[in-house]
Each structure stands twice: as C-alpha cells, then as structure tokens.
$ cat work.pdb   # PDB, C-alpha atoms
ATOM      1  CA  MET A 153     -78.088 -29.550 -51.845
ATOM      2  CA  ALA A 154     -80.236 -32.197 -50.142
ATOM      3  CA  ILE A 155     -83.333 -30.958 -52.005
ATOM      4  CA  ALA A 156     -81.514 -31.116 -55.361
ATOM      5  CA  GLU A 157     -80.249 -34.616 -54.628
ATOM      6  CA  GLY A 158     -83.714 -35.764 -53.510
ATOM      7  CA  LEU A 159     -85.422 -34.428 -56.647
ATOM      8  CA  THR A 160     -82.823 -36.117 -58.859
ATOM      9  CA  ARG A 161     -83.075 -39.385 -56.906
ATOM     10  CA  ASP A 162     -86.889 -39.321 -57.202
ATOM     11  CA  GLY A 163     -86.642 -38.997 -60.986
ATOM     12  CA  ILE A 164     -88.151 -35.505 -61.175
ATOM     13  CA  LEU A 165     -86.852 -33.773 -64.268
ATOM     14  CA  CYS A 166     -84.683 -30.744 -63.629
ATOM     15  CA  PRO A 167     -85.670 -27.536 -65.481
ATOM     16  CA  SER A 168     -83.033 -28.019 -68.179
ATOM     17  CA  ALA A 169     -84.198 -31.582 -68.856
ATOM     18  CA  TYR A 170     -87.862 -30.609 -68.808
ATOM     19  CA  HIS A 171     -87.493 -28.140 -71.665
ATOM     20  CA  ARG A 172     -84.500 -29.326 -73.724
ATOM     21  CA  ALA A 173     -85.087 -26.904 -76.636
ATOM     22  CA  ARG A 174     -84.486 -23.922 -74.342
ATOM     23  CA  ASN A 175     -81.576 -25.574 -72.540
ATOM     24  CA  ARG A 176     -79.419 -27.267 -75.163
ATOM     25  CA  HIS A 177     -76.310 -25.845 -73.487
ATOM     26  CA  ARG A 178     -77.044 -27.674 -70.210
ATOM     27  CA  SER A 179     -76.709 -31.389 -69.570
ATOM     28  CA  GLY A 180     -80.157 -31.886 -68.033
ATOM     29  CA  VAL A 181     -78.844 -34.826 -66.035
ATOM     30  CA  ALA A 182     -79.609 -33.665 -62.494
ATOM     31  CA  TRP A 183     -80.981 -30.868 -60.349
ATOM     32  CA  SER A 184     -78.421 -28.279 -59.296
ATOM     33  CA  LYS A 185     -78.467 -26.480 -55.979
ATOM     34  CA  ALA A 186     -78.504 -23.205 -57.962
ATOM     35  CA  ALA A 187     -81.776 -24.216 -59.663
ATOM     36  CA  VAL A 188     -83.370 -25.108 -56.328
ATOM     37  CA  ARG A 189     -82.145 -21.850 -54.787
ATOM     38  CA  ALA A 190     -83.544 -19.802 -57.708
ATOM     39  CA  ILE A 191     -86.952 -21.434 -57.246
ATOM     40  CA  LEU A 192     -86.953 -20.890 -53.488
ATOM     41  CA  LEU A 193     -86.026 -17.217 -53.936
ATOM     42  CA  ASN A 194     -88.611 -16.515 -56.658
ATOM     43  CA  PRO A 195     -91.910 -15.206 -55.222
ATOM     44  CA  ARG A 196     -93.762 -16.182 -58.429
ATOM     45  CA  TYR A 197     -93.894 -19.768 -57.146
ATOM     46  CA  THR A 198     -96.373 -18.565 -54.499
ATOM     47  CA  GLY A 199     -98.842 -18.129 -57.368
ATOM     48  CA  ARG A 200     -98.975 -14.360 -57.025
ATOM     49  CA  GLN A 201     -97.575 -11.655 -59.256
ATOM     50  CA  VAL A 202     -94.846  -9.524 -57.666
ATOM     51  CA  TRP A 203     -93.739  -6.105 -58.877
ATOM     52  CA  ASN A 204     -91.029  -3.665 -57.803
ATOM     53  CA  ARG A 205     -88.396  -6.310 -57.113
ATOM     54  CA  GLN A 206     -85.771  -4.271 -58.966
ATOM     55  CA  ARG A 207     -85.173  -0.636 -59.743
ATOM     56  CA  LYS A 208     -83.010   1.245 -62.216
ATOM     57  CA  ASP A 209     -80.479   3.663 -60.753
ATOM     58  CA  GLU A 210     -78.510   6.166 -62.826
ATOM     59  CA  VAL A 211     -74.918   6.303 -61.588
ATOM     60  CA  LEU A 212     -71.917   8.278 -62.762
ATOM     61  CA  ILE A 213     -69.519   6.270 -64.891
ATOM     62  CA  ASP A 214     -66.595   8.104 -63.267
ATOM     63  CA  VAL A 215     -67.155  10.423 -60.292
ATOM     64  CA  ASN A 216     -63.915  12.217 -61.149
ATOM     65  CA  ASP A 217     -65.004  12.868 -64.749
ATOM     66  CA  VAL A 218     -68.714  13.694 -64.851
ATOM     67  CA  ALA A 219     -68.452  14.457 -68.591
ATOM     68  CA  LEU A 220     -68.408  10.683 -69.188
ATOM     69  CA  GLY A 221     -72.051  10.643 -68.186
ATOM     70  CA  HIS A 222     -74.212   8.085 -66.437
ATOM     71  CA  MET A 223     -74.988   4.408 -66.778
ATOM     72  CA  THR A 224     -78.103   2.531 -65.709
ATOM     73  CA  LYS A 225     -77.667  -0.131 -63.039
ATOM     74  CA  LEU A 226     -80.345  -2.592 -61.977
ATOM     75  CA  ARG A 227     -80.507  -2.971 -58.217
ATOM     76  CA  TRP A 228     -82.637  -5.199 -56.006
ATOM     77  CA  ASN A 229     -85.224  -3.570 -53.766
ATOM     78  CA  ASP A 230     -85.723  -4.820 -50.219
ATOM     79  CA  SER A 231     -88.515  -7.396 -50.076
ATOM     80  CA  ASP A 232     -90.608  -5.108 -47.854
ATOM     81  CA  ASN A 233     -90.882  -2.763 -50.892
ATOM     82  CA  TRP A 234     -92.203  -5.469 -53.219
ATOM     83  CA  ILE A 235     -95.790  -5.137 -54.415
ATOM     84  CA  TRP A 236     -97.769  -8.400 -54.277
ATOM     85  CA  SER A 237    -100.979  -9.117 -56.187
ATOM     86  CA  GLN A 238    -103.972  -9.749 -53.929
ATOM     87  CA  GLN A 239    -105.216 -12.622 -56.058
ATOM     88  CA  ALA A 240    -103.378 -15.560 -57.536
ATOM     89  CA  ALA A 241    -102.036 -15.125 -61.062
ATOM     90  CA  HIS A 242    -101.575 -18.900 -61.458
ATOM     91  CA  GLU A 243    -101.522 -22.071 -59.385
ATOM     92  CA  ALA A 244     -99.172 -21.802 -56.419
ATOM     93  CA  LEU A 245     -96.336 -24.295 -56.119
ATOM     94  CA  MET A 246     -95.349 -22.999 -52.679
ATOM     95  CA  GLU A 247     -97.413 -21.520 -49.840
ATOM     96  CA  ASP A 248     -96.629 -17.995 -48.625
ATOM     97  CA  GLU A 249     -95.476 -19.366 -45.265
ATOM     98  CA  THR A 250     -93.078 -21.830 -46.921
ATOM     99  CA  PHE A 251     -91.716 -19.012 -49.107
ATOM    100  CA  ALA A 252     -91.153 -16.815 -46.027
ATOM    101  CA  GLN A 253     -89.376 -19.666 -44.219
ATOM    102  CA  ALA A 254     -87.118 -20.273 -47.219
ATOM    103  CA  GLN A 255     -86.242 -16.554 -47.367
ATOM    104  CA  ALA A 256     -85.344 -16.560 -43.678
ATOM    105  CA  LEU A 257     -83.113 -19.638 -44.039
ATOM    106  CA  LEU A 258     -81.385 -18.382 -47.177
ATOM    107  CA  ALA A 259     -80.776 -14.943 -45.624
ATOM    108  CA  VAL A 260     -78.572 -16.407 -42.880
ATOM    109  CA  PRO A 261     -74.978 -15.294 -43.610
ATOM    110  CA  GLY A 262     -72.835 -18.138 -44.864
ATOM    111  CA  HIS A 263     -75.816 -20.463 -45.344
ATOM    112  CA  ALA A 264     -75.150 -20.932 -49.063
ATOM    113  CA  GLN A 265     -71.545 -21.884 -48.325
ATOM    114  CA  GLU A 266     -72.398 -24.521 -45.719
ATOM    115  CA  GLY A 267     -70.406 -27.695 -46.225
ATOM    116  CA  ARG A 268     -68.228 -26.165 -48.935
ATOM    117  CA  GLU A 269     -64.468 -26.585 -48.834
ATOM    118  CA  PRO A 270     -62.471 -23.334 -48.694
ATOM    119  CA  ARG A 271     -60.985 -22.210 -52.005
ATOM    120  CA  ARG A 272     -57.388 -23.406 -52.248
ATOM    121  CA  THR A 273     -56.262 -20.711 -54.687
ATOM    122  CA  PRO A 274     -57.294 -17.077 -54.918
ATOM    123  CA  ARG A 275     -59.925 -16.264 -57.511
ATOM    124  CA  LEU A 276     -58.308 -14.311 -60.319
ATOM    125  CA  ARG A 277     -59.923 -11.102 -61.436
ATOM    126  CA  GLU A 278     -60.741 -10.144 -65.034
ATOM    127  CA  ARG A 279     -57.366  -8.523 -65.643
ATOM    128  CA  GLY A 280     -55.446 -11.620 -64.634
ATOM    129  CA  THR A 281     -54.359 -10.637 -61.139
ATOM    130  CA  ASP A 282     -55.751 -11.181 -57.662
ATOM    131  CA  SER A 283     -55.052  -7.633 -56.513
ATOM    132  CA  PRO A 284     -58.151  -5.705 -55.325
ATOM    133  CA  ALA A 285     -57.054  -2.652 -57.323
ATOM    134  CA  ALA A 286     -57.251  -4.634 -60.559
ATOM    135  CA  GLY A 287     -60.995  -5.290 -60.397
TER     136      GLY A 287
END
$ encode --input "work.pdb" --output "structure tokens"
Amino acid sequence: MAIAEGLTRDGILCPSAYHRARNRHRSGVAWSKAAVRAILLNPRYTGRQVWNRQRKDEVLIDVNDVALGHMTKLRWNDSDNWIWSQQAAHEALMEDETFAQAQALLAVPGHAQEGREPRRTPRLRERGTDSPAAG
C-alpha cells in the first residue's frame, strides 16, 4: 500500500490513467495496491520473456458421472518450472534480485492482508448463502 500511495503522491500516472482508452471503466485517479502487486508478481518486468507459467489440466466435470466429460482448467506452475529467456526481450524495469525479493515478501502467508480490518460479515457465496456446501 505504501508503494501505491508513494507513486500517487509523486504524480506518477497509474496504469489506468496512462492508457485511458483501454481503461474507460476505471477512474484512473490513483495507484491501487492490486496494480502494484500485479507488477511485482509479473516476471516480464525483469526484461526477460518467461514461458511455462501456467498449464492446462483436463479435469472431470463430475467424478461421480464421468459421462459429463472433462473441462480445461488453467493452473499456475511453480516458479521453479518457469522457463526464462537468456537474453532480454525488452528494457528491464526491475532487476532479477529485486524481483526475487518481492516474490519472497509476497509469499509470506498473510502478508497481503497486513493492516486490514477483519471482515465484519461473512462473505456470501454465489447462491446467496454462506454455507460451504452452497459453493
């Protein structure tokens, strides 16, 4: 949050303000912590191309009724399975060491929730109930 606030305070345009035509649905007023987090988690900002970040898995729609068939689910691969280009694909905005440090900090359980007030009401599921069986 401190990074987002600092970028906004310093007058650096947030992504949605920088390219308004692509982001008409966003206010473009300030940096969000989600935008900063997305940048810090994206290895492309190291200047190198990265492949094999996700894979497609075929999973049964219903294990009790295999006749329903399969569906494709995208799943994230562990970062040690990513394939990195040897040479830069474009100018780096973040050094490899800084990227690694950001990954380590963001991987700490509960780090993203730091400073956040607990939810006062249960989050309702799609079917309008907070029961685990409903989701």
$ closest_residue --input "work.pdb" --among "A:Trp234, A:Ala156, A:Asp209, A:Ile164" --to "His222 (chain A)" --atoms "all atoms listed in the file"
A:Asp209
$ closest_residue --input "work.pdb" --among "A:Glu157, A:Asp232, A:Asp162, A:Asp214" --to "Ala252 (chain A)" --atoms "all atoms listed in the file"
A:Asp232
$ residues_around --input "work.pdb" --residues "region 254-261 of chain A" --least-positions-apart "4" --cutoff "9 Å" --atoms "only C-alpha atoms" --output "MDAnalysis selection string"
chainID A and resid 189 192:193 249:250 265
$ closest_residue --input "work.pdb" --among "A:Arg207, A:Lys225, A:Arg161, A:His242" --to "Ala182 (chain A)" --atoms "all atoms listed in the file"
A:Arg161
$ residues_around --input "work.pdb" --residues "Lys185 (chain A)" --least-positions-apart "6" --cutoff "10 Å" --atoms "all atoms listed in the file" --output "PyMOL selection string"
chain A and resi 153-157+191+264
$ residues_around --input "work.pdb" --residues "Asn194 (chain A)" --least-positions-apart "6" --cutoff "12 Å" --atoms "all atoms listed in the file" --output "number ranges by chain"
A: 187-188, 200-203, 205, 231, 244-246, 248, 250-252, 254-255
$ atom_distance --input "work.pdb" --atom1 "CA of Trp228 (chain A)" --atom2 "CA of Pro167 (chain A)"
24.5 Å
$ atom_distance --input "work.pdb" --atom1 "CA of Asn204 (chain A)" --atom2 "CA of Leu226 (chain A)"
11.5 Å
$ atom_distance --input "work.pdb" --atom1 "CA of Ala241 (chain A)" --atom2 "CA of Pro195 (chain A)"
11.7 Å
$ closest_residue --input "work.pdb" --among "A:Trp183, A:Arg196, A:Asn216, A:Gln206" --to "Tyr170 (chain A)" --atoms "only C-alpha atoms"
A:Trp183
